[in-house]
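Below you'll find the structure, written out as structure tokens, and then a few comments.
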Amino acid sequence: VVTDEVVASLRDELVGIVGASDVIVSRDRLVAYERDWTGNWEGRALLAVRPATAREVAGVLVACSRARVTVVVHGGNTGLVGGATPDSDVVLDTTRLDQLGDVDNHSFQVTVGAGVTLERAQGHARVAGLDLPVDLGARSGATIGGMVATNAGGRLAVRYGTMRTSVCGLEAVLSTGRIIERLSGVLKDNAGYDLPALIVGSEGTLAVVTRVRLQLLRRPARRAAALVGARDYREAVALVSHLRARLSVSLEAADCFDRTAMEAVCAYLRVSDPLSEPHHVYVILQVAEPNDDPAATLAAAVDPELLDAMVIAEDTARRRALWTYREALNEAVGAQGIARKYDISVPIAAIPAFAEDARQEVERRTGATATVYGHLGDGNLHVNVLGTSGADDGLDVAMADLVAAHNGSISAEHGIGRAKRSFLGSTRSSAEIEAMWAVKRALDPTETLGRGCVLPPWDEPAAIERSST
Ligand SMILES: Cc1cc2nc3c(=O)[nH]c(=O)nc-3n(C[C@H](O)[C@H](O)[C@H](O)COP(=O)(O)OP(=O)(O)OC[C@H]3O[C@@H](n4cnc5c(N)ncnc54)[C@H](O)[C@@H]3O)c2cc1C
């Protein structure tokens, strides 16, 4: 328990580091940090602090470790596993780490502050005719630091990989106050351990990311998108596998959603199904071509039998309008209530069986119909369940078992956060979790960062034990 005296003395110390206007103590301003995007997680912030440089971050972390107060890093708060929600912690808000470096036209790289939103970084790159290889629906709020911390995936991962592939260097601060800086962006650099790669995906538990060196890509000359109706997941998976083989690098995205999701998004956006008949599964595709006509390429590659159940969007406005059906799904489900969310991945061939098993399991346990959408080309499904009680652990266990039975992962792209740490052992072995704890203790010896996130408690043998099965 942190006493009021400790908080008051820490506040004075932090004011000395970042200035009074960037230490937030009033309750009416702190509430903005205390609830996560989904509504599943709510906690209490002792205070919030907004450093503007790595040096200020170092000062904040040293002061907090010395006072034995834990810190939760807070970017855009669009994370979906409760990792940025405080639980009697200091909130380190990255908003002021907002610098945009010059785009390097030799290496197609740029260095940006961790608090820069994805949308702002995209706008900056596009002025130079380049773009970021990772894109996601929460682009206006999600920060580059948060995306690095969660190793975000998104709709283009099937073509360009997840955030890890785009990070060619970073600056990060350890709780000891030591600053790790690797920002030269040289492609070949095998000198010692790859610390930036270790920090990517560490969800604010190893270090605070302050700047990121990103690999950019040249913007493809032309893009087209299409929505295709499929009879079931088997047909949808076959379509995507066929297109990957036919189109190779031209295929940029292959997402999907089921009929429940289509109904939810149509009600939310007050629009109608773009296809004339309802389908069990919808696949949304995107093709990019440097020279050829991407719409023609796409139409030629799709099985003629499916052409009747397909709409193509060629220009930017219609392409964006089509993607809105997929990208508004998180909000559409959120508008119906607080959803239990499972962000899983399985081998692509296992998707039809997993989707059917998951649907049956949810119906049997809750009586509800799951709303399913995701990134089909990566084997990543988001299963959303409405109307369950806050602590329906039975469903969590059943879903973790189902994922393990299909040889998948309980976290595809959102991370572990607070939501799934007791299930880490269902996807990672005890040897791996022990090694993760060793890394954690080496980099954050005072366990100041991300308390209660990612790793199951060391002294909870059951959590570790499960992992050996
Ligand atoms: C509508 C919607 C669509 C989404 N679509 C996708 C998608 O397609 N793919 C996908 O992968 N995710 C998606 N997400 C999830 C979310 O956008 C990502 O996880 C994103 O990377 C979180 O960024 P953030 O800045 O909001 O981080 P936050 O929510 O603030 O934090 C997330 C985690 O990262 C840590 N963190 C944040 N900043 C830093 C930092 N600078 N240093 C160290 N740790 C830090 C936090 O402590 C926390 O553990 C979506 C979310 C929404 C709401």
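Labels for the structure tokens follow display order: chains A, B, ..., residues from 1 in each chain, ligands from 1.
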> Which chains and residue numbers are within 7 Å of ligand 1, counting only C-alpha atoms and all ligand atoms, if I want them as JSON, numbers by chain?
Replying inline: {"A": [37, 72, 73, 74, 75, 76, 77, 78, 79, 80, 83, 84, 94, 114, 115, 136, 137, 138, 141, 142, 143, 144, 145, 146, 147, 148, 149, 150, 151, 152, 153, 154, 155, 203, 204, 207, 208, 209, 210, 327, 328, 330, 331, 413, 414, 417, 450]}
Backbone-only DSSP, strand (DSSP E) members of segment 173-218 of chain A, as a CSV table (one decimal) with N, CA, C and O atoms, in the first residue's frame:
```csv
chain,number,residue,atom,x,y,z
A,173,VAL,N,13.9,3.3,-22.1
A,173,VAL,CA,14.5,3.7,-20.7
A,173,VAL,C,14.1,2.5,-19.8
A,173,VAL,O,13.0,2.1,-19.7
A,179,ILE,N,19.5,4.5,-20.3
A,179,ILE,CA,18.8,4.7,-21.6
A,179,ILE,C,19.5,3.8,-22.6
A,179,ILE,O,20.7,3.9,-22.8
A,180,ILE,N,18.7,3.0,-23.3
A,180,ILE,CA,19.2,2.2,-24.4
A,180,ILE,C,18.9,2.9,-25.7
A,180,ILE,O,17.7,3.2,-25.9
A,181,GLU,N,19.9,3.2,-26.5
A,181,GLU,CA,19.6,3.9,-27.7
A,181,GLU,C,20.2,3.2,-28.9
A,181,GLU,O,21.4,3.0,-29.0
A,182,ARG,N,19.4,2.7,-29.8
A,182,ARG,CA,19.8,2.1,-31.0
A,182,ARG,C,19.0,2.6,-32.2
A,182,ARG,O,17.9,2.1,-32.5
A,208,VAL,N,10.4,1.6,-21.0
A,208,VAL,CA,9.5,2.6,-21.6
A,208,VAL,C,10.2,2.9,-22.9
A,208,VAL,O,11.3,3.4,-23.0
A,209,VAL,N,9.4,2.7,-24.0
A,209,VAL,CA,9.9,3.0,-25.3
A,209,VAL,C,9.7,4.6,-25.5
A,209,VAL,O,8.6,5.1,-25.2
A,210,THR,N,10.8,5.3,-25.9
A,210,THR,CA,10.6,6.7,-26.0
A,210,THR,C,10.7,7.2,-27.5
A,210,THR,O,10.1,8.2,-27.9
A,211,ARG,N,11.5,6.5,-28.3
A,211,ARG,CA,11.6,6.8,-29.8
A,211,ARG,C,11.7,5.5,-30.5
A,211,ARG,O,12.3,4.6,-30.0
A,212,VAL,N,11.2,5.6,-31.8
A,212,VAL,CA,11.3,4.4,-32.6
A,212,VAL,C,11.8,4.7,-34.0
A,212,VAL,O,11.3,5.7,-34.6
A,213,ARG,N,12.7,3.9,-34.5
A,213,ARG,CA,13.1,4.0,-35.9
A,213,ARG,C,12.3,3.1,-36.7
A,213,ARG,O,12.4,1.8,-36.5
A,214,LEU,N,11.6,3.6,-37.7
A,214,LEU,CA,10.6,2.7,-38.5
A,214,LEU,C,11.1,2.6,-39.9
A,214,LEU,O,11.5,3.5,-40.5
A,215,GLN,N,10.9,1.4,-40.4
A,215,GLN,CA,11.1,1.1,-41.8
A,215,GLN,C,9.9,1.5,-42.6
A,215,GLN,O,8.8,1.1,-42.1
A,217,LEU,N,7.7,2.0,-46.4
A,217,LEU,CA,7.6,1.4,-47.8
A,217,LEU,C,7.2,2.4,-48.8
A,217,LEU,O,6.5,3.4,-48.4
A,218,ARG,N,7.5,2.2,-50.0
A,218,ARG,CA,7.0,3.0,-51.1
A,218,ARG,C,5.6,2.8,-51.3
A,218,ARG,O,5.1,1.6,-51.3
```
>> Please extract the residues of segment 174-218 of chain A with a backbone DSSP assignment of alpha helix (DSSP H) and present them as an NGL selection string.
In response: :A and (195-199)
> Nearest to Asp104 of chain A among A:Leu92, A:Val186, A:Val383, A:Ala398, with distances taken over only C-alpha atoms: which residue is it?
Replying inline: A:Val186
> Do you know which residues are at most 10 Å from Ala350 of chain A counting only C-alpha atoms, after dropping those on the same chain fewer than 3 positions away, and could you put them as a VMD selection string?
Replying inline: chain A and resid 233 to 234 237 345 to 347 353 to 355 379 406 to 408
> Which residue gives the smallest distance to Leu198 of chain A among A:Val311, A:Val112, A:Leu329, A:Leu170, with only C-alpha atoms counted?
Replying inline: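 With only C-alpha atoms as the atom set, the closest residue is A:Leu170.
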Under the rule of at most 12 Å, produce a per-residue listing of segment 323-431 of chain A near segment 220-227 of chain A: chain, number, name, the closest pair of atoms, and the distance in Å, as a tab-separated table, using only C-alpha atoms.
```
residue	atom	partner	partner_atom	distance
A:Trp323	CA	A:Ala225	CA	8.1
A:Thr324	CA	A:Leu227	CA	11.4
A:Tyr325	CA	A:Leu227	CA	9.7
A:Arg326	CA	A:Leu227	CA	10.1
```
Would you save the residues from that selection as a compact mmCIF listing (two decimals), in the first residue's frame, using N, CA, C and O atoms?
```txt
# COMPACT_ATOMS: atom_id res chain seq x y z
N TRP A 323 -13.80 -0.89 -46.36
CA TRP A 323 -13.04 -1.28 -45.17
C TRP A 323 -13.74 -0.87 -43.87
O TRP A 323 -13.50 -1.44 -42.81
N THR A 324 -14.61 0.16 -43.97
CA THR A 324 -15.30 0.60 -42.75
C THR A 324 -16.13 -0.53 -42.15
O THR A 324 -16.26 -0.64 -40.93
N TYR A 325 -16.68 -1.40 -43.00
CA TYR A 325 -17.45 -2.54 -42.48
C TYR A 325 -16.59 -3.37 -41.53
O TYR A 325 -17.04 -3.86 -40.51
N ARG A 326 -15.33 -3.56 -41.86
CA ARG A 326 -14.43 -4.37 -41.04
C ARG A 326 -13.88 -3.55 -39.86
O ARG A 326 -13.84 -4.03 -38.73
```
>> Between atom CA of Tyr282 of chain A and atom CA of Ala236 of chain A, what is the distance in Å, rounded to a tenth?
In response: 7.7 Å
>> as a PyMOL selection string, please: the residues near segment 9-13 of chain A (cut-off 9 Å, only C-alpha atoms, same-chain neighbours under 2 positions excluded).
In response: chain A and resi 4-7+15-17+20+23-25+47+49+60+63-64+67+69
Since we have the selection now, will you write its residues out, keeping N, CA, C and O atoms, as a compact mmCIF listing (two decimals), in the first residue's frame?
```
# COMPACT_ATOMS: atom_id res chain seq x y z
N ASP A 4 -0.32 8.25 1.49
CA ASP A 4 -0.51 9.60 0.94
C ASP A 4 0.79 10.41 1.03
O ASP A 4 1.10 11.22 0.17
N GLU A 5 1.56 10.16 2.11
CA GLU A 5 2.82 10.91 2.29
C GLU A 5 3.80 10.55 1.16
O GLU A 5 4.46 11.43 0.61
N VAL A 6 3.86 9.25 0.85
CA VAL A 6 4.77 8.82 -0.23
C VAL A 6 4.36 9.47 -1.54
O VAL A 6 5.18 10.00 -2.30
N VAL A 7 3.04 9.47 -1.83
CA VAL A 7 2.55 10.05 -3.09
C VAL A 7 2.86 11.55 -3.12
O VAL A 7 3.32 12.08 -4.15
N VAL A 15 7.48 16.90 -10.05
CA VAL A 15 7.31 18.29 -10.49
C VAL A 15 8.69 18.89 -10.78
O VAL A 15 8.88 19.62 -11.76
N GLY A 16 9.66 18.52 -9.99
CA GLY A 16 11.03 18.99 -10.22
C GLY A 16 11.62 18.46 -11.53
O GLY A 16 12.51 19.07 -12.11
N ILE A 17 11.12 17.36 -12.01
CA ILE A 17 11.65 16.75 -13.25
C ILE A 17 10.91 17.25 -14.50
O ILE A 17 11.53 17.62 -15.49
N ALA A 20 5.25 21.45 -13.05
CA ALA A 20 3.97 21.23 -12.36
C ALA A 20 2.83 20.91 -13.32
O ALA A 20 1.95 20.11 -13.01
N VAL A 23 2.39 17.09 -14.14
CA VAL A 23 2.10 16.09 -13.10
C VAL A 23 0.63 16.28 -12.73
O VAL A 23 0.22 17.34 -12.26
N ILE A 24 -0.17 15.27 -13.01
CA ILE A 24 -1.63 15.39 -12.86
C ILE A 24 -2.05 14.68 -11.59
O ILE A 24 -1.76 13.49 -11.41
N VAL A 25 -2.74 15.41 -10.72
CA VAL A 25 -3.15 14.80 -9.45
C VAL A 25 -4.66 14.94 -9.21
O VAL A 25 -5.20 14.26 -8.34
N LEU A 47 -1.21 9.11 -9.54
CA LEU A 47 -1.04 10.38 -10.23
C LEU A 47 -0.60 10.04 -11.64
O LEU A 47 -0.28 8.89 -11.94
N VAL A 49 1.99 11.36 -14.96
CA VAL A 49 3.13 12.23 -15.25
C VAL A 49 3.40 12.17 -16.74
O VAL A 49 3.27 11.11 -17.36
N VAL A 60 11.86 10.12 -13.96
CA VAL A 60 10.57 9.66 -13.39
C VAL A 60 10.71 8.22 -12.88
O VAL A 60 10.29 7.89 -11.77
N ALA A 63 12.84 7.95 -9.72
CA ALA A 63 12.11 8.47 -8.55
C ALA A 63 11.06 7.45 -8.08
O ALA A 63 10.92 7.19 -6.89
N CYS A 64 10.35 6.88 -9.04
CA CYS A 64 9.30 5.91 -8.68
C CYS A 64 9.89 4.64 -8.07
O CYS A 64 9.39 4.13 -7.07
N ALA A 67 10.95 5.24 -4.60
CA ALA A 67 9.80 5.37 -3.67
C ALA A 67 9.01 4.06 -3.59
O ALA A 67 8.01 3.99 -2.89
N VAL A 69 7.17 2.73 -5.85
CA VAL A 69 5.85 2.92 -6.45
C VAL A 69 5.92 2.38 -7.88
O VAL A 69 6.88 2.66 -8.61
```
>> Need the shell around Leu449 of chain A: protein/DNA/RNA residues with any atom at most 7 Å away, counting only C-alpha atoms. Skip same-chain ones fewer than 2 positions apart. Format as an NGL selection string?
In response: :A and (70-72 or 204-206 or 447 or 451)
The selected residues should be written to file as a PDB file, in the first residue's frame (atoms: C-alpha atoms).
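Saved result, selection_13.pdb, follows:
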```
ATOM      1  CA  THR A  70       4.947   0.973  -9.605  1.00  0.00           C
ATOM      2  CA  VAL A  71       4.439   2.554 -13.034  1.00  0.00           C
ATOM      3  CA  VAL A  72       2.048   1.728 -15.848  1.00  0.00           C
ATOM      4  CA  GLY A 204       5.483  -1.950 -20.835  1.00  0.00           C
ATOM      5  CA  THR A 205       6.982  -4.565 -18.499  1.00  0.00           C
ATOM      6  CA  LEU A 206      10.691  -4.253 -19.428  1.00  0.00           C
ATOM      7  CA  GLU A 447       9.716  -4.698 -10.689  1.00  0.00           C
ATOM      8  CA  ARG A 451       2.938  -4.790 -12.368  1.00  0.00           C
TER       9      ARG A 451
END
```
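Using only C-alpha atoms for every distance, the candidate list A:Ala299, A:Leu216, A:Ala230, A:Leu183 yields A:Leu216 as the residue closest to Arg126 of chain A.
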Residues at most 12 Å from Glu42 of chain A, counting only C-alpha atoms, excluding those fewer than 3 positions away in the same chain, as a short mmCIF file (atom, residue, chain, number, x, y, z; two decimals) with all heavy atoms, in the first residue's frame?
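In the end it all went to selection.cif:
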```cif
data_model
loop_
_atom_site.label_atom_id
_atom_site.label_comp_id
_atom_site.auth_asym_id
_atom_site.auth_seq_id
_atom_site.Cartn_x
_atom_site.Cartn_y
_atom_site.Cartn_z
N LEU A 30 -7.69 12.45 -13.59
CA LEU A 30 -7.11 11.09 -13.53
C LEU A 30 -8.08 10.02 -14.04
O LEU A 30 -7.66 8.98 -14.54
CB LEU A 30 -6.68 10.76 -12.10
CG LEU A 30 -5.42 11.48 -11.61
CD1 LEU A 30 -5.13 11.11 -10.16
CD2 LEU A 30 -4.21 11.16 -12.49
N VAL A 31 -9.40 10.30 -13.96
CA VAL A 31 -10.35 9.25 -14.38
C VAL A 31 -10.15 8.86 -15.85
O VAL A 31 -10.41 7.72 -16.23
CB VAL A 31 -11.85 9.64 -14.15
CG1 VAL A 31 -12.18 9.65 -12.69
CG2 VAL A 31 -12.19 10.94 -14.84
N ALA A 32 -9.65 9.80 -16.64
CA ALA A 32 -9.44 9.49 -18.07
C ALA A 32 -8.43 8.36 -18.26
O ALA A 32 -8.41 7.71 -19.31
CB ALA A 32 -8.95 10.74 -18.79
N TYR A 33 -7.60 8.13 -17.26
CA TYR A 33 -6.58 7.06 -17.39
C TYR A 33 -7.06 5.73 -16.79
O TYR A 33 -6.37 4.72 -16.92
CB TYR A 33 -5.32 7.46 -16.62
CG TYR A 33 -4.61 8.68 -17.17
CD1 TYR A 33 -4.70 9.91 -16.53
CD2 TYR A 33 -3.84 8.59 -18.33
CE1 TYR A 33 -4.03 11.03 -17.03
CE2 TYR A 33 -3.18 9.70 -18.83
CZ TYR A 33 -3.28 10.92 -18.18
OH TYR A 33 -2.62 12.00 -18.68
N GLU A 34 -8.19 5.77 -16.07
CA GLU A 34 -8.49 4.66 -15.16
C GLU A 34 -9.40 3.57 -15.74
O GLU A 34 -9.68 2.58 -15.08
CB GLU A 34 -9.09 5.22 -13.87
CG GLU A 34 -8.03 6.02 -13.10
CD GLU A 34 -8.55 6.68 -11.83
OE1 GLU A 34 -9.77 6.96 -11.76
OE2 GLU A 34 -7.73 6.88 -10.91
N ARG A 35 -9.85 3.74 -16.97
CA ARG A 35 -10.73 2.74 -17.59
C ARG A 35 -10.18 2.40 -18.96
O ARG A 35 -9.74 3.29 -19.70
CB ARG A 35 -12.13 3.35 -17.72
CG ARG A 35 -13.23 2.38 -18.03
CD ARG A 35 -14.53 3.19 -18.07
NE ARG A 35 -15.50 2.58 -18.94
CZ ARG A 35 -16.44 1.72 -18.56
NH1 ARG A 35 -16.53 1.38 -17.30
NH2 ARG A 35 -17.29 1.22 -19.41
N ASP A 36 -10.20 1.11 -19.31
CA ASP A 36 -9.64 0.74 -20.62
C ASP A 36 -10.69 0.90 -21.72
O ASP A 36 -11.86 1.17 -21.45
CB ASP A 36 -9.05 -0.68 -20.58
CG ASP A 36 -10.10 -1.74 -20.85
OD1 ASP A 36 -11.24 -1.58 -20.38
OD2 ASP A 36 -9.78 -2.72 -21.54
N TRP A 37 -10.26 0.74 -22.97
CA TRP A 37 -11.12 0.99 -24.13
C TRP A 37 -12.34 0.07 -24.12
O TRP A 37 -13.44 0.46 -24.50
CB TRP A 37 -10.29 0.78 -25.41
CG TRP A 37 -10.96 1.29 -26.65
CD1 TRP A 37 -10.81 2.52 -27.22
CD2 TRP A 37 -11.89 0.57 -27.49
NE1 TRP A 37 -11.59 2.62 -28.35
CE2 TRP A 37 -12.25 1.44 -28.54
CE3 TRP A 37 -12.44 -0.70 -27.46
CZ2 TRP A 37 -13.15 1.07 -29.54
CZ3 TRP A 37 -13.34 -1.07 -28.46
CH2 TRP A 37 -13.68 -0.18 -29.49
N THR A 38 -12.18 -1.20 -23.68
CA THR A 38 -13.26 -2.17 -23.76
C THR A 38 -14.29 -1.99 -22.65
O THR A 38 -15.40 -2.46 -22.76
CB THR A 38 -12.71 -3.61 -23.63
OG1 THR A 38 -12.17 -3.78 -22.31
CG2 THR A 38 -11.65 -3.91 -24.67
N GLY A 39 -13.89 -1.34 -21.55
CA GLY A 39 -14.77 -1.26 -20.38
C GLY A 39 -14.61 -2.47 -19.46
O GLY A 39 -15.23 -2.54 -18.40
N ALA A 45 -5.40 5.43 -10.49
CA ALA A 45 -4.08 6.04 -10.71
C ALA A 45 -3.71 6.87 -9.48
O ALA A 45 -4.54 7.62 -8.97
CB ALA A 45 -4.13 6.95 -11.94
N VAL A 81 -6.38 -5.44 -23.75
CA VAL A 81 -6.16 -6.46 -22.71
C VAL A 81 -5.84 -5.84 -21.33
O VAL A 81 -5.28 -6.49 -20.46
CB VAL A 81 -5.04 -7.46 -23.11
CG1 VAL A 81 -5.51 -8.37 -24.22
CG2 VAL A 81 -3.76 -6.73 -23.52
N GLY A 82 -6.20 -4.58 -21.14
CA GLY A 82 -6.06 -3.95 -19.82
C GLY A 82 -4.64 -3.59 -19.42
O GLY A 82 -4.39 -3.24 -18.26
N GLY A 83 -3.68 -3.63 -20.37
CA GLY A 83 -2.27 -3.39 -20.02
C GLY A 83 -1.94 -1.96 -19.64
O GLY A 83 -0.95 -1.72 -18.96
N ALA A 84 -2.76 -1.00 -20.08
CA ALA A 84 -2.45 0.41 -19.77
C ALA A 84 -3.31 0.93 -18.62
O ALA A 84 -3.27 2.12 -18.30
CB ALA A 84 -2.68 1.27 -21.03
N THR A 85 -4.08 0.05 -18.00
CA THR A 85 -4.97 0.48 -16.91
C THR A 85 -4.24 0.39 -15.57
O THR A 85 -3.73 -0.68 -15.22
CB THR A 85 -6.24 -0.42 -16.87
OG1 THR A 85 -6.77 -0.51 -18.19
CG2 THR A 85 -7.28 0.15 -15.94
N PRO A 86 -4.18 1.50 -14.82
CA PRO A 86 -3.43 1.46 -13.55
C PRO A 86 -4.18 0.69 -12.47
O PRO A 86 -5.40 0.57 -12.51
CB PRO A 86 -3.34 2.94 -13.17
CG PRO A 86 -4.52 3.58 -13.82
CD PRO A 86 -4.78 2.81 -15.09
N ASP A 87 -3.40 0.16 -11.52
CA ASP A 87 -3.97 -0.52 -10.36
C ASP A 87 -3.16 -0.02 -9.17
O ASP A 87 -2.23 -0.66 -8.72
CB ASP A 87 -3.81 -2.04 -10.58
CG ASP A 87 -4.33 -2.85 -9.41
OD1 ASP A 87 -5.06 -2.28 -8.59
OD2 ASP A 87 -3.99 -4.04 -9.32
N SER A 88 -3.51 1.19 -8.71
CA SER A 88 -2.72 1.91 -7.71
C SER A 88 -1.28 2.10 -8.17
O SER A 88 -0.33 1.81 -7.44
CB SER A 88 -2.74 1.17 -6.36
OG SER A 88 -4.04 1.17 -5.86
N GLY A 390 -18.83 -10.68 -15.46
CA GLY A 390 -17.45 -10.21 -15.43
C GLY A 390 -16.44 -11.32 -15.18
O GLY A 390 -15.33 -11.26 -15.65
N ARG A 418 -3.26 -7.57 -18.60
CA ARG A 418 -3.81 -8.13 -17.36
C ARG A 418 -4.76 -9.28 -17.68
O ARG A 418 -4.93 -10.20 -16.90
CB ARG A 418 -4.63 -7.07 -16.61
CG ARG A 418 -3.82 -5.91 -16.11
CD ARG A 418 -4.63 -5.02 -15.19
NE ARG A 418 -3.91 -3.78 -14.94
CZ ARG A 418 -2.87 -3.67 -14.14
NH1 ARG A 418 -2.42 -4.72 -13.49
NH2 ARG A 418 -2.25 -2.53 -14.00
N ALA A 419 -5.38 -9.19 -18.87
CA ALA A 419 -6.49 -10.08 -19.19
C ALA A 419 -6.10 -11.55 -19.26
O ALA A 419 -6.89 -12.42 -18.90
CB ALA A 419 -7.13 -9.64 -20.51
#
```
